[in-house]
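Dropping target_2.tsv in here (TSV, C-alpha atoms):
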```tsv
chain	number	residue	atom	x	y	z
J	193	MET	CA	96.81	134.32	141.30
J	194	ALA	CA	95.13	130.93	141.76
J	195	GLU	CA	96.94	128.44	143.94
J	196	LYS	CA	97.93	125.27	142.11
J	197	LYS	CA	96.80	122.11	143.89
J	198	GLU	CA	99.51	119.45	144.08
J	199	LYS	CA	98.57	115.95	143.05
J	200	ALA	CA	99.41	113.10	145.41
J	201	LEU	CA	101.48	110.24	144.08
J	202	ASN	CA	99.26	107.42	142.92
J	203	GLN	CA	101.11	104.19	143.77
J	204	LYS	CA	98.72	102.06	141.70
J	205	GLU	CA	99.34	104.23	138.63
J	206	ILE	CA	103.10	104.11	139.20
J	207	GLY	CA	102.85	100.33	139.49
J	208	ARG	CA	100.83	100.11	136.29
J	209	ARG	CA	103.48	102.11	134.43
J	210	VAL	CA	106.23	99.85	135.80
J	211	ARG	CA	104.35	96.76	134.61
J	212	LEU	CA	103.70	98.26	131.15
J	213	ARG	CA	107.38	99.11	130.68
J	214	ARG	CA	108.50	95.74	132.05
J	215	ASP	CA	106.14	93.97	129.64
J	216	LEU	CA	107.33	96.15	126.76
J	217	PHE	CA	110.89	94.94	127.42
J	218	GLY	CA	109.74	91.32	127.78
J	219	LEU	CA	111.11	91.07	131.30
J	220	SER	CA	109.66	88.90	134.05
J	221	ARG	CA	109.37	90.33	137.54
J	222	GLU	CA	112.29	88.13	138.53
J	223	GLN	CA	114.48	89.48	135.72
J	224	LEU	CA	113.69	93.11	136.52
J	225	ALA	CA	114.25	92.48	140.22
J	226	GLU	CA	117.67	90.98	139.51
J	227	LYS	CA	118.69	93.90	137.29
J	228	ILE	CA	117.81	96.53	139.91
J	229	GLU	CA	118.92	94.43	142.89
J	230	VAL	CA	115.59	94.01	144.71
J	231	SER	CA	113.35	91.02	145.36
J	232	TYR	CA	110.68	89.64	143.04
J	233	GLN	CA	108.11	90.36	145.76
J	234	PHE	CA	109.22	94.00	145.92
J	235	ILE	CA	108.51	94.37	142.17
J	236	ALA	CA	105.12	92.70	142.62
J	237	ASP	CA	104.29	95.04	145.52
J	238	ILE	CA	105.22	98.08	143.42
J	239	GLU	CA	103.16	96.87	140.46
J	240	TYR	CA	100.11	96.26	142.68
J	241	GLY	CA	100.51	99.71	144.22
J	242	ASN	CA	101.20	98.30	147.68
J	243	ARG	CA	104.65	99.91	148.06
J	244	GLY	CA	106.62	102.88	146.94
J	245	MET	CA	110.30	102.85	146.05
J	246	SER	CA	113.37	104.81	147.00
J	247	LEU	CA	114.93	107.35	144.68
J	248	GLU	CA	117.82	104.94	144.10
J	249	THR	CA	115.44	102.16	143.06
J	250	LEU	CA	113.47	104.56	140.87
J	251	TYR	CA	116.69	105.64	139.18
J	252	LYS	CA	117.82	102.04	138.57
J	253	MET	CA	114.39	101.10	137.21
J	254	SER	CA	114.42	104.11	134.89
J	255	GLN	CA	117.83	103.09	133.56
J	256	VAL	CA	116.86	99.44	133.00
J	257	LEU	CA	113.49	100.29	131.43
J	258	GLU	CA	115.03	103.16	129.40
J	259	ILE	CA	112.62	105.93	130.35
J	260	SER	CA	112.75	108.97	132.60
J	261	ALA	CA	111.83	108.66	136.25
J	262	ASP	CA	109.27	111.39	135.60
J	263	TYR	CA	107.30	108.93	133.46
J	264	PHE	CA	106.73	106.64	136.46
J	265	LEU	CA	105.88	109.50	138.81
J	266	ALA	CA	103.79	111.80	136.63
J	267	GLY	CA	103.35	110.13	133.25
J	268	LYS	CA	100.29	110.73	131.15
J	269	ASN	CA	97.27	109.05	132.67
J	270	CYS	CA	96.20	106.37	130.23
J	271	GLU	CA	93.41	104.79	132.28
J	272	GLU	CA	91.00	105.39	129.42
J	273	ASP	CA	93.33	103.54	127.03
J	274	ASP	CA	93.24	99.83	126.55
J	275	GLU	CA	96.48	98.02	127.38
J	276	GLU	CA	97.67	97.81	123.76
J	277	THR	CA	97.16	101.55	123.23
J	278	ALA	CA	99.02	102.31	126.45
J	279	LEU	CA	101.93	100.14	125.27
J	280	PHE	CA	102.01	102.02	121.95
J	281	ARG	CA	102.09	105.34	123.84
J	282	ASP	CA	104.95	104.09	126.02
J	283	GLU	CA	106.92	102.81	123.04
J	284	ILE	CA	106.48	106.09	121.14
J	285	ASN	CA	107.42	108.19	124.17
J	286	SER	CA	110.54	106.11	124.72
J	287	ALA	CA	111.56	106.49	121.07
J	288	LEU	CA	111.00	110.26	121.21
J	289	ASP	CA	113.37	110.53	124.16
J	290	ASN	CA	116.20	109.44	121.85
J	291	CYS	CA	115.39	111.80	118.96
J	292	SER	CA	117.39	114.84	117.96
J	293	LYS	CA	115.72	118.23	117.58
J	294	GLU	CA	115.58	117.76	113.81
J	295	GLN	CA	114.03	114.30	114.17
J	296	LEU	CA	111.43	115.68	116.58
J	297	LYS	CA	110.55	118.33	114.01
J	298	ASP	CA	110.07	115.58	111.39
J	299	VAL	CA	107.89	113.57	113.77
J	300	SER	CA	105.79	116.65	114.50
J	301	GLN	CA	105.25	117.22	110.79
J	302	LEU	CA	104.33	113.57	110.29
J	303	ILE	CA	101.75	113.77	113.09
J	304	ARG	CA	100.18	116.84	111.44
J	305	ILE	CA	99.98	114.94	108.15
J	306	ILE	CA	98.33	111.96	109.87
J	307	GLU	CA	95.88	114.26	111.64
J	308	GLY	CA	95.11	116.05	108.35
J	309	GLY	CA	96.66	119.32	109.49
J	310	ARG	CA	98.99	121.69	107.66
J	311	MET	CA	102.76	121.44	107.77
J	312	LYS	CA	104.53	124.62	108.88
```
Any chance you could give the structure as structure tokens?
Amino acid sequence: MAEKKEKALNQKEIGRRVRLRRDLFGLSREQLAEKIEVSYQFIADIEYGNRGMSLETLYKMSQVLEISADYFLAGKNCEEDDEETALFRDEINSALDNCSKEQLKDVSQLIRIIEGGRMK
């Protein structure tokens, strides 16, 4: 059995995801910092990939920005996407998190229609 290589955390990618979510919510660094009880500079350092954050801070940020902590740590790499496309992906992923099983089934069927595939 092949050994799976673990990926290291990419602080710059985590920071990029934080900034995308913060922008999506229309929050300044100061506003986000106040909501999660850290300094403005701490948010800037995270966004630039210069610092990591504690689990407690990650949890608070996930709550404020309404997305799972897993998104920040291991979210889909969207480096090939332009910023607008990445924001659309984030918005869609956030909306999907709040869907019921039946709604997810409807979304799946809609995607197949858009892609020209068959509905099951």
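A straight line drawn from CA of Leu302 (chain J) to CA of Arg281 (chain J) is 16.0 Å long.
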May I ask which of the residues J:Ala266, J:Ile305, J:Val256, J:Leu247 is the closest one to Lys227 (chain J), counting all atoms listed in the file?
J:Val256
Mind giving me the straight-line distance from CA of Glu283 (chain J) to CA of Phe217 (chain J) in Å, one decimal?
9.8 Å
Interatomic distance (Å, one decimal) between CA of Asp215 (chain J) and CA of Val299 (chain J)
25.3 Å
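Minimum atom-to-atom distances from J:Ser286, J:Ser231, J:Ser246, J:Thr277 to Arg213 (chain J) were compared using only C-alpha atoms, and the lowest value belongs to J:Ser286.
Each of J:Leu288, J:Leu216, J:Val210, J:Met253 was compared to Ala236 (chain J) using only C-alpha atoms, and J:Val210 turns out to be the nearest.
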Given all atoms listed in the file as the counted atoms, nearest of J:Tyr240, J:Tyr251, J:Tyr263, J:Phe280 to Ile228 (chain J)
J:Tyr251
Can you list, as a list of chain:residue names, every protein, DNA or RNA residue that comes within 10 Å of Asp237 (chain J) when you count all atoms listed in the file, leaving out same-chain residues fewer than 6 positions away?
J:Gln203, J:Lys204, J:Gly207, J:Ser231, J:Arg243, J:Gly244, J:Met245
My list of candidates is J:Glu205, J:Glu222, J:Glu258, J:Glu239. Which is closest to Asn290 (chain J) when distances are computed with only C-alpha atoms?
J:Glu258
Got a moment to write chain J out with C-alpha atoms, as a CSV table (one decimal), in the first residue's frame?
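Below you can see part39.csv, which holds the result:
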```csv
chain,number,residue,atom,x,y,z
J,193,MET,CA,0.0,0.0,0.0
J,194,ALA,CA,1.4,3.4,-1.0
J,195,GLU,CA,2.2,5.8,1.8
J,196,LYS,CA,0.2,9.0,1.6
J,197,LYS,CA,2.4,12.1,1.8
J,198,GLU,CA,1.0,14.7,4.2
J,199,LYS,CA,0.8,18.3,2.9
J,200,ALA,CA,2.3,21.1,5.0
J,201,LEU,CA,0.1,24.0,6.0
J,202,ASN,CA,0.5,26.8,3.6
J,203,GLN,CA,0.2,30.0,5.7
J,204,LYS,CA,-0.1,32.2,2.6
J,205,GLU,CA,-3.0,30.1,1.2
J,206,ILE,CA,-4.7,30.2,4.6
J,207,GLY,CA,-4.2,34.0,4.6
J,208,ARG,CA,-5.6,34.3,1.1
J,209,ARG,CA,-8.7,32.4,2.1
J,210,VAL,CA,-9.2,34.6,5.2
J,211,ARG,CA,-9.0,37.7,3.1
J,212,LEU,CA,-11.4,36.3,0.5
J,213,ARG,CA,-14.0,35.5,3.2
J,214,ARG,CA,-13.5,38.8,5.0
J,215,ASP,CA,-14.0,40.7,1.7
J,216,LEU,CA,-17.1,38.6,0.9
J,217,PHE,CA,-18.6,39.7,4.2
J,218,GLY,CA,-17.5,43.3,3.6
J,219,LEU,CA,-15.5,43.5,6.8
J,220,SER,CA,-12.4,45.6,7.3
J,221,ARG,CA,-9.4,44.0,9.0
J,222,GLU,CA,-10.3,46.2,12.0
J,223,GLN,CA,-13.8,44.9,12.1
J,224,LEU,CA,-12.8,41.2,11.9
J,225,ALA,CA,-10.1,41.7,14.5
J,226,GLU,CA,-12.7,43.2,16.9
J,227,LYS,CA,-15.1,40.4,16.3
J,228,ILE,CA,-12.6,37.7,17.1
J,229,GLU,CA,-10.8,39.7,19.8
J,230,VAL,CA,-7.3,40.1,18.2
J,231,SER,CA,-5.4,43.0,16.8
J,232,TYR,CA,-5.7,44.5,13.3
J,233,GLN,CA,-2.0,43.7,12.8
J,234,PHE,CA,-2.6,40.1,13.7
J,235,ILE,CA,-5.2,39.8,11.0
J,236,ALA,CA,-2.8,41.5,8.5
J,237,ASP,CA,-0.1,39.1,9.5
J,238,ILE,CA,-2.4,36.1,8.9
J,239,GLU,CA,-3.5,37.4,5.5
J,240,TYR,CA,0.1,38.0,4.4
J,241,GLY,CA,1.0,34.5,5.5
J,242,ASN,CA,3.4,35.8,8.2
J,243,ARG,CA,1.7,34.1,11.1
J,244,GLY,CA,-0.5,31.2,12.0
J,245,MET,CA,-3.3,31.2,14.5
J,246,SER,CA,-4.4,29.2,17.5
J,247,LEU,CA,-7.3,26.7,17.3
J,248,GLU,CA,-9.4,29.1,19.4
J,249,THR,CA,-8.8,32.0,16.9
J,250,LEU,CA,-9.4,29.7,14.0
J,251,TYR,CA,-12.7,28.6,15.6
J,252,LYS,CA,-13.8,32.2,16.2
J,253,MET,CA,-12.9,33.2,12.6
J,254,SER,CA,-14.8,30.3,11.2
J,255,GLN,CA,-17.9,31.3,13.2
J,256,VAL,CA,-17.7,35.0,12.2
J,257,LEU,CA,-17.0,34.2,8.5
J,258,GLU,CA,-19.6,31.4,8.5
J,259,ILE,CA,-17.5,28.6,7.1
J,260,SER,CA,-15.8,25.5,8.4
J,261,ALA,CA,-12.3,25.7,9.8
J,262,ASP,CA,-11.4,23.0,7.3
J,263,TYR,CA,-11.9,25.6,4.5
J,264,PHE,CA,-9.1,27.8,5.9
J,265,LEU,CA,-6.8,24.8,6.5
J,266,ALA,CA,-7.4,22.6,3.5
J,267,GLY,CA,-9.8,24.4,1.2
J,268,LYS,CA,-9.7,23.9,-2.6
J,269,ASN,CA,-6.7,25.5,-4.1
J,270,CYS,CA,-8.0,28.3,-6.3
J,271,GLU,CA,-4.6,29.8,-7.3
J,272,GLU,CA,-5.5,29.3,-11.0
J,273,ASP,CA,-8.8,31.3,-10.4
J,274,ASP,CA,-9.1,35.0,-10.7
J,275,GLU,CA,-10.2,36.7,-7.5
J,276,GLU,CA,-13.9,37.1,-8.7
J,277,THR,CA,-14.1,33.3,-9.5
J,278,ALA,CA,-12.6,32.5,-6.1
J,279,LEU,CA,-15.2,34.7,-4.4
J,280,PHE,CA,-18.0,32.9,-6.3
J,281,ARG,CA,-16.6,29.5,-5.3
J,282,ASP,CA,-16.5,30.7,-1.6
J,283,GLU,CA,-20.0,32.0,-1.8
J,284,ILE,CA,-21.4,28.8,-3.3
J,285,ASN,CA,-19.5,26.6,-0.8
J,286,SER,CA,-20.8,28.7,2.1
J,287,ALA,CA,-24.4,28.4,0.8
J,288,LEU,CA,-24.0,24.6,0.3
J,289,ASP,CA,-23.0,24.2,3.9
J,290,ASN,CA,-26.5,25.4,4.9
J,291,CYS,CA,-28.5,23.1,2.5
J,292,SER,CA,-30.5,20.1,3.5
J,293,LYS,CA,-29.9,16.7,1.8
J,294,GLU,CA,-32.9,17.3,-0.5
J,295,GLN,CA,-31.6,20.8,-1.5
J,296,LEU,CA,-28.2,19.4,-2.2
J,297,LYS,CA,-29.8,16.8,-4.5
J,298,ASP,CA,-31.6,19.6,-6.3
J,299,VAL,CA,-28.3,21.6,-6.7
J,300,SER,CA,-26.6,18.5,-8.0
J,301,GLN,CA,-29.3,18.0,-10.6
J,302,LEU,CA,-29.0,21.7,-11.6
J,303,ILE,CA,-25.3,21.4,-12.0
J,304,ARG,CA,-25.8,18.4,-14.3
J,305,ILE,CA,-28.3,20.4,-16.4
J,306,ILE,CA,-25.8,23.4,-16.6
J,307,GLU,CA,-23.0,21.0,-17.6
J,308,GLY,CA,-25.3,19.3,-20.2
J,309,GLY,CA,-25.3,16.0,-18.4
J,310,ARG,CA,-28.2,13.7,-17.6
J,311,MET,CA,-30.4,13.9,-14.5
J,312,LYS,CA,-30.6,10.7,-12.5
```
